[in-house]
Amino acid sequence: MFLHILKYELKNGLRTKDLMIWLILFPIALGICFKIAFGSIYDKTEKFSSIPVAIVEENENEAFRQVINSIESSEEPFLKASFVTREKAEKLLDDGEVEGIIFSGDELSLTVKEKGLRETMLKFFTEQFTVRERIISDAIKTSPEKAQEVIAALTENTESSCRDIPVTQGNPDLYIQYFYNLIAMVALFGCNTGVHITIQNQADLSALGARNNCSPAHKSVSILACLAGSFIMQTFCMILCVSFVAFILKVDFGDRLLLVYPAAILGGILGVSFGFFVGSLARVGEKAKTAIVTSAAMLMCFCSGLMMANMKLFIAEKMPWFNNINPAALISDCFYCLNIYEDYGRFISKLINIAVITVIFIFLGFISSRRKKYASV
Amino acid sequence: MENTVVRIKDLVKRYGDLIALDHFELEIKDGEIFGLLGPNGSGKTTTINCLLSLLSFDKGDIEIFGKKMTPVSYDIKKEIGVIMQNVAVFDELTVYENIDYFCGLYISDKAKRRQYVEEAIKFVGLEDFRKFYPKKLSGGLLRRLNIACGIAHKPKLIILDEPTVAVDPQSRNRILEGIQELNRNGATVIYTSHYMEEVEQICTRIAIMDKGRKVAEGTKDELKRMIKNTETITIEILELPGKVLGEVAGLPHIYDADYVDGRLVLSCSGGKHNLTRVLDVLHKHELGFGRVYTELPTLNDVFLEITGKALRDKED
């Protein structure tokens with residue numbers, strides 16, 4: 001009986017166009033939109049390129065020249081310096097070929113044409129150099145014996161504050177967060193198949209539900225078969241979604257892509273269970289149930305930052321507990337933890353959270369659906 | 001009784017202040033085509049839903065095949081075929097798959113099921129539509145599919161709740177003939193409808209319902225014998241003086257006489273040659289007349305006389 005119902009649940013589900021549109025085509029379209037919209041912004045704003053700067057040496061400053069040479073010889077230099085005359089430097093700045101002019105004399109000074117992130121970085125660099133140069137020269141004047149110690153300390157400090165610390169091979173930027181949320185949204189859209197389970201099995205919701213309740217199939221068997229069918233379909237959609245994002249859109253999930261799949265699949269199962277739970281609770285019609293569950297899923301996605309990336313941070317500040325029970329936030333956090341943290345502790349903790357909430361939803365859904373007679377049909 | 005298939009005792013179902021079933025009682029014997037006849041809202045579908053243990057009720061007992069019917073009476077459910085008022089099929093499954101799905105809830109043997117499904121398809125005449133999806137079927141064909149899904153597993157008791165609503169005459173006749181054939185093959189049938197012609201045509205016994213109560217029960221002849229009217233005579237006549245109308249109304253066995261819009265309508269109770277006597281009066285007064293016809297009482301007359309209202313609205 002179980003396999004018979006499961007077989008037809010799968011056949012019916014896979015042929016349901018609405019489900020396929022929302023679970024496959026819509027995420028693909030949205031993923032492409034994200035890629036087009038945020039991919040270019042990311043390339044422009046997030047990917048760092050060297051800042052072109054003109055340097056005018058008014059007095060010879062050997063230390064400054066050494067620092068510049070040292071920066072330019074690094075693997076990813078943040079400065080691209082041109083030692084030129086004042087006139088040439090001003091022309092380059094006017095033409096927009098450099099972001100600023102550093103005048104190297106007794107003291108460093110900076111001239112910029114506009115205000116922006118790169119100009120601020122140049123300002124920070126010149127200020128830092130001036131401060132450190134002064135500390136070292138003061139140390140040489142007052143305690144020459146400790147000068148070497150001071151230089152070593154400043155150098156160490158510089159290295160520790162600038163060093164890139166790769167915790168994983170992942171991609172911890174805001175841009176990729178949109179794709180985590182997209183996968184979370186697909187997972188939560190499974191709620192529609194979850195609602196469908198209750199509609200198909202409750203006599204007061206549909207003619208099909210009434211008809212099924214007249215059959216000798218045990219209700220628990222019927223519900224379990226439908227749940228299994230929905231889980232399988234949702235799993236298929238999640239695998240497709242993650243593969244599309246990873247291999248077609250080429251979004252970098254780091255070196256843990258294989259762990260993204262089980263997390264996405266578990267998220268999908270949570271989505272189906274959520275729909276099943278809400279569907280079995282609300283004493284309203286089929287359309288109203290679908291509307292309620294879809295709205296709830298969208299609201300949860302909104303709170304997890306799908307539409308506004310800062311929303312999750314806002315919730316984390318004002319209602320931190322909500323992110324621990326919001327399925328959308330849990331699913332996207334799961335991916336985030338996987339990508340950001342080297343150890344698996346947080347990732348596993350999020351997975352356990354998802355699993356526990358899934359079990360609770362299924363259990364409560366069962367309790368609510370096992371009602372055998374209805375007050376009205 | 002040994003051959004009682006369904007027994008409903010003192011059934012009461014309330015929806016808030018509304019009493020949907022008011023101490024309703026029913027007994028259906030093996031081999032019957034039992035009709036539940038009543039206007040919309042009379043409680044027919046509520047009775048069926050209580051019978052199938054879909055609906056909770058406030059009071060009463062229901063037994064099917066001599067056993068108490070409960071939601072977990074799976075052994076009883078196995079012997080029941082249900083055709084709901086609203087078509088209950090999967091939109092994304094073909095005709096064959098839909099019938100196979102529902103048959104599979106009752107029959108686990110695949111070979112046997114395949115044979116049953118084919119027989120059901122043939123029975124309802126959907127041989128040319130087995131790969132069609134329900135959306136592609138006309139209303140009549142969809143109803144036939146609904147029936148096939150309900151009877152494919154060869155149940156002993158078949159419950160049909162208004163199966164011919166919004167069905168074309170051709171499909172309706174096919175459905176009614178099919179129900180009689182199922183009955184001839186040994187199934188007991190419960191048939192609800194507000195179409196009295198259908199109930200008269202196929203049912204061996206009928207219960208008339210109104211406001212959740214059973215107002216009459218019996219064979220169609222027994223029901224018709226319950227009422228005063230045995231014959232209605234209608235004569236089209238251009239002009240009828242009041243004096244003549246009074247004379248006609250005073251004839252033996254005529255208990256009601258009306259002359260409206262050029263039609264003289266006479267209700268008779270028993271007696272023979274009522275028409276001859278009326279025509280003799282008209283000849284005597286040298287009154288010409290047009291069409292003359294007599295009608296035997298219908299179930300609508302039975303309902304009208306018992307409840308004081310028509311069984312269904314004219315637009316039905």
# chains A, B, ... in the order shown; residues from 1 in each chain; ligands from 1
>>> residues_around(residues="Phe57 (chain B)", least_positions_apart="2", cutoff="10 Å", atoms="only C-alpha atoms", output="number ranges by chain")
A: 373-376; B: 11-15, 20-21, 46-47, 49-50, 53-55, 59-61
>>> residues_around(residues="Val112 (chain A)", least_positions_apart="3", cutoff="7 Å", atoms="only C-alpha atoms", output="number ranges by chain")
A: 99-101, 119
>>> interface_residues(of="chain A", to="chain B", cutoff="12 Å", atoms="only C-alpha atoms", output="ChimeraX atom specification")
/A:1-19,200-222,370-377
>>> write_last_selection(atoms="N, CA and C atoms", output="compact mmCIF listing (two decimals), in the first residue's frame")
# COMPACT_ATOMS: atom_id res chain seq x y z
N MET A 1 0.84 -1.22 0.00
CA MET A 1 0.00 0.00 0.00
C MET A 1 0.87 1.26 0.00
N PHE A 2 1.90 1.23 0.89
CA PHE A 2 2.80 2.39 1.00
C PHE A 2 3.45 2.69 -0.36
N LEU A 3 3.97 1.65 -0.99
CA LEU A 3 4.68 1.85 -2.26
C LEU A 3 3.71 2.27 -3.36
N HIS A 4 2.51 1.72 -3.32
CA HIS A 4 1.49 2.08 -4.31
C HIS A 4 1.16 3.58 -4.23
N ILE A 5 0.92 4.05 -3.00
CA ILE A 5 0.60 5.48 -2.82
C ILE A 5 1.82 6.33 -3.18
N LEU A 6 2.99 5.87 -2.75
CA LEU A 6 4.23 6.63 -3.03
C LEU A 6 4.45 6.78 -4.54
N LYS A 7 4.22 5.68 -5.26
CA LYS A 7 4.41 5.71 -6.72
C LYS A 7 3.53 6.79 -7.36
N TYR A 8 2.27 6.80 -6.98
CA TYR A 8 1.36 7.77 -7.60
C TYR A 8 1.56 9.18 -7.06
N GLU A 9 2.03 9.30 -5.83
CA GLU A 9 2.37 10.62 -5.28
C GLU A 9 3.51 11.24 -6.10
N LEU A 10 4.49 10.42 -6.42
CA LEU A 10 5.62 10.91 -7.22
C LEU A 10 5.18 11.27 -8.63
N LYS A 11 4.39 10.39 -9.23
CA LYS A 11 3.91 10.65 -10.60
C LYS A 11 3.12 11.96 -10.63
N ASN A 12 2.21 12.08 -9.68
CA ASN A 12 1.35 13.26 -9.64
C ASN A 12 2.18 14.52 -9.37
N GLY A 13 3.10 14.42 -8.42
CA GLY A 13 3.93 15.57 -8.05
C GLY A 13 4.82 16.03 -9.20
N LEU A 14 5.48 15.08 -9.84
CA LEU A 14 6.41 15.45 -10.91
C LEU A 14 5.70 16.03 -12.13
N ARG A 15 4.39 15.73 -12.24
CA ARG A 15 3.64 16.28 -13.37
C ARG A 15 2.92 17.59 -13.00
N THR A 16 3.01 17.97 -11.73
CA THR A 16 2.32 19.19 -11.32
C THR A 16 3.17 20.39 -11.74
N LYS A 17 2.67 21.11 -12.72
CA LYS A 17 3.46 22.20 -13.32
C LYS A 17 3.78 23.30 -12.31
N ASP A 18 2.79 23.66 -11.50
CA ASP A 18 3.01 24.74 -10.53
C ASP A 18 4.20 24.46 -9.63
N LEU A 19 4.25 23.21 -9.15
CA LEU A 19 5.34 22.86 -8.24
C LEU A 19 6.68 22.94 -8.95
N GLN A 200 -4.65 16.52 0.56
CA GLN A 200 -4.96 15.22 -0.05
C GLN A 200 -5.43 14.18 0.97
N ASN A 201 -5.19 14.47 2.24
CA ASN A 201 -5.50 13.45 3.25
C ASN A 201 -6.56 13.86 4.26
N GLN A 202 -7.05 15.09 4.16
CA GLN A 202 -8.07 15.51 5.11
C GLN A 202 -9.41 15.66 4.41
N ALA A 203 -10.40 14.96 4.95
CA ALA A 203 -11.70 14.90 4.30
C ALA A 203 -12.39 16.25 4.22
N ASP A 204 -12.06 17.15 5.15
CA ASP A 204 -12.76 18.44 5.16
C ASP A 204 -12.08 19.48 4.27
N LEU A 205 -11.01 19.07 3.57
CA LEU A 205 -10.30 20.04 2.74
C LEU A 205 -10.52 19.85 1.25
N SER A 206 -10.76 18.64 0.82
CA SER A 206 -10.94 18.41 -0.62
C SER A 206 -11.74 17.14 -0.86
N ALA A 207 -12.30 17.07 -2.05
CA ALA A 207 -13.05 15.86 -2.43
C ALA A 207 -12.10 14.65 -2.43
N LEU A 208 -10.88 14.91 -2.86
CA LEU A 208 -9.88 13.85 -2.90
C LEU A 208 -9.56 13.36 -1.48
N GLY A 209 -9.49 14.32 -0.55
CA GLY A 209 -9.25 13.97 0.85
C GLY A 209 -10.38 13.11 1.39
N ALA A 210 -11.61 13.52 1.09
CA ALA A 210 -12.78 12.76 1.54
C ALA A 210 -12.75 11.35 0.93
N ARG A 211 -12.44 11.30 -0.36
CA ARG A 211 -12.42 10.01 -1.05
C ARG A 211 -11.35 9.10 -0.46
N ASN A 212 -10.17 9.66 -0.19
CA ASN A 212 -9.09 8.86 0.39
C ASN A 212 -9.46 8.35 1.78
N ASN A 213 -10.21 9.18 2.52
CA ASN A 213 -10.61 8.76 3.86
C ASN A 213 -11.65 7.65 3.85
N CYS A 214 -12.28 7.45 2.70
CA CYS A 214 -13.26 6.35 2.60
C CYS A 214 -12.58 5.03 2.25
N SER A 215 -11.34 5.09 1.87
CA SER A 215 -10.66 3.87 1.41
C SER A 215 -10.10 3.10 2.61
N PRO A 216 -9.77 1.83 2.39
CA PRO A 216 -9.23 1.06 3.51
C PRO A 216 -7.75 1.32 3.79
N ALA A 217 -7.18 2.32 3.11
CA ALA A 217 -5.77 2.65 3.38
C ALA A 217 -5.67 3.34 4.74
N HIS A 218 -4.79 2.84 5.59
CA HIS A 218 -4.61 3.48 6.91
C HIS A 218 -4.11 4.90 6.70
N LYS A 219 -4.67 5.81 7.46
CA LYS A 219 -4.33 7.21 7.25
C LYS A 219 -2.85 7.48 7.49
N SER A 220 -2.30 6.85 8.51
CA SER A 220 -0.88 7.09 8.81
C SER A 220 0.00 6.60 7.66
N VAL A 221 -0.37 5.48 7.06
CA VAL A 221 0.39 4.94 5.93
C VAL A 221 0.30 5.91 4.75
N SER A 222 -0.92 6.37 4.52
CA SER A 222 -1.15 7.28 3.40
C SER A 222 -0.33 8.58 3.58
N ARG A 370 -4.26 13.20 12.49
CA ARG A 370 -4.77 11.85 12.75
C ARG A 370 -6.24 11.84 13.13
N ARG A 371 -6.81 13.05 13.26
CA ARG A 371 -8.24 13.15 13.54
C ARG A 371 -9.01 12.28 12.55
N LYS A 372 -9.90 11.47 13.06
CA LYS A 372 -10.53 10.48 12.20
C LYS A 372 -11.87 10.93 11.63
N LYS A 373 -12.58 11.74 12.42
CA LYS A 373 -13.89 12.23 11.94
C LYS A 373 -13.87 13.75 11.91
N TYR A 374 -14.68 14.29 11.08
CA TYR A 374 -14.69 15.74 10.91
C TYR A 374 -16.05 16.32 11.31
N ALA A 375 -16.03 17.53 11.82
CA ALA A 375 -17.28 18.17 12.22
C ALA A 375 -18.11 18.54 11.00
N SER A 376 -17.41 18.89 9.92
CA SER A 376 -18.11 19.17 8.67
C SER A 376 -17.20 18.78 7.52
N VAL A 377 -17.82 18.40 6.42
CA VAL A 377 -17.06 17.95 5.25
C VAL A 377 -17.46 18.80 4.06
>>> select_by_dssp(residues="region 45-111 of chain A", states="alpha helix (DSSP H)", output="JSON list (two decimals) with N, CA and C atoms, in the first residue's frame")
[["chain", "number", "residue", "atom", "x", "y", "z"],
["A", 62, "GLU", "N", 64.24, 57.95, 2.10],
["A", 62, "GLU", "CA", 64.64, 56.57, 1.79],
["A", 62, "GLU", "C", 63.66, 55.55, 2.41],
["A", 63, "ALA", "N", 63.25, 55.87, 3.65],
["A", 63, "ALA", "CA", 62.34, 54.91, 4.34],
["A", 63, "ALA", "C", 61.03, 54.76, 3.57],
["A", 64, "PHE", "N", 60.50, 55.91, 3.15],
["A", 64, "PHE", "CA", 59.23, 55.87, 2.42],
["A", 64, "PHE", "C", 59.37, 55.09, 1.11],
["A", 65, "ARG", "N", 60.50, 55.37, 0.39],
["A", 65, "ARG", "CA", 60.71, 54.68, -0.89],
["A", 65, "ARG", "C", 60.80, 53.17, -0.66],
["A", 66, "GLN", "N", 61.47, 52.78, 0.45],
["A", 66, "GLN", "CA", 61.60, 51.34, 0.75],
["A", 66, "GLN", "C", 60.24, 50.69, 1.02],
["A", 67, "VAL", "N", 59.41, 51.46, 1.78],
["A", 67, "VAL", "CA", 58.07, 50.93, 2.09],
["A", 67, "VAL", "C", 57.27, 50.73, 0.78],
["A", 68, "ILE", "N", 57.33, 51.73, -0.10],
["A", 68, "ILE", "CA", 56.60, 51.66, -1.37],
["A", 68, "ILE", "C", 57.10, 50.47, -2.20],
["A", 69, "ASN", "N", 58.42, 50.33, -2.29],
["A", 69, "ASN", "CA", 58.98, 49.20, -3.04],
["A", 69, "ASN", "C", 58.53, 47.86, -2.45],
["A", 70, "SER", "N", 58.53, 47.85, -1.12],
["A", 70, "SER", "CA", 58.11, 46.61, -0.43],
["A", 70, "SER", "C", 56.65, 46.27, -0.76],
["A", 71, "ILE", "N", 55.81, 47.31, -0.74],
["A", 71, "ILE", "CA", 54.37, 47.08, -1.04],
["A", 71, "ILE", "C", 54.22, 46.60, -2.48],
["A", 72, "GLU", "N", 54.89, 47.26, -3.40],
["A", 72, "GLU", "CA", 54.73, 46.92, -4.83],
["A", 72, "GLU", "C", 55.27, 45.53, -5.16],
["A", 86, "ARG", "N", 55.84, 67.01, -9.91],
["A", 86, "ARG", "CA", 54.57, 67.61, -9.44],
["A", 86, "ARG", "C", 53.60, 67.85, -10.61],
["A", 87, "GLU", "N", 54.12, 68.44, -11.69],
["A", 87, "GLU", "CA", 53.27, 68.77, -12.83],
["A", 87, "GLU", "C", 52.64, 67.52, -13.43],
["A", 88, "LYS", "N", 53.50, 66.52, -13.60],
["A", 88, "LYS", "CA", 53.03, 65.27, -14.18],
["A", 88, "LYS", "C", 51.96, 64.61, -13.27],
["A", 89, "ALA", "N", 52.25, 64.70, -11.95],
["A", 89, "ALA", "CA", 51.33, 64.09, -10.97],
["A", 89, "ALA", "C", 49.97, 64.78, -11.05],
["A", 90, "GLU", "N", 49.99, 66.12, -11.13],
["A", 90, "GLU", "CA", 48.73, 66.86, -11.19],
["A", 90, "GLU", "C", 47.95, 66.54, -12.46],
["A", 91, "LYS", "N", 48.71, 66.33, -13.53],
["A", 91, "LYS", "CA", 48.04, 65.98, -14.79],
["A", 91, "LYS", "C", 47.39, 64.59, -14.69],
["A", 92, "LEU", "N", 48.15, 63.68, -14.07],
["A", 92, "LEU", "CA", 47.61, 62.30, -13.92],
["A", 92, "LEU", "C", 46.33, 62.32, -13.05],
["A", 93, "LEU", "N", 46.36, 63.14, -12.02],
["A", 93, "LEU", "CA", 45.19, 63.22, -11.13],
["A", 93, "LEU", "C", 44.00, 63.83, -11.87],
["A", 94, "ASP", "N", 44.28, 64.89, -12.64],
["A", 94, "ASP", "CA", 43.21, 65.52, -13.42],
["A", 94, "ASP", "C", 42.62, 64.54, -14.42]]
>>> atom_distance(atom1="CA of Met226 (chain B)", atom2="CA of Ser42 (chain B)")
20.5 Å
>>> closest_residue(among="B:Asp210, B:Glu198, B:Glu127, B:Glu295", to="Thr232 (chain B)", atoms="only C-alpha atoms")
B:Glu295
>>> closest_residue(among="A:Ile55, A:Leu257, A:Ile183, A:Ile223", to="Ala329 (chain A)", atoms="only C-alpha atoms")
A:Ile183
>>> atom_distance(atom1="CA of Glu97 (chain A)", atom2="CA of Leu110 (chain A)")
15.7 Å
>>> select_by_dssp(residues="region 55-286 of chain B", states="strand (DSSP E)", output="ChimeraX atom specification")
/B:59-64,67-68,80-83,157-161,188-193,205-210,213-218,231-236,254-260,263-268
>>> atom_distance(atom1="CA of Gly242 (chain B)", atom2="CA of Gly308 (chain B)")
27.2 Å
>>> closest_residue(among="B:Val167, B:Ile48, B:Leu176, B:Leu264", to="Thr192 (chain B)", atoms="only C-alpha atoms")
B:Ile48
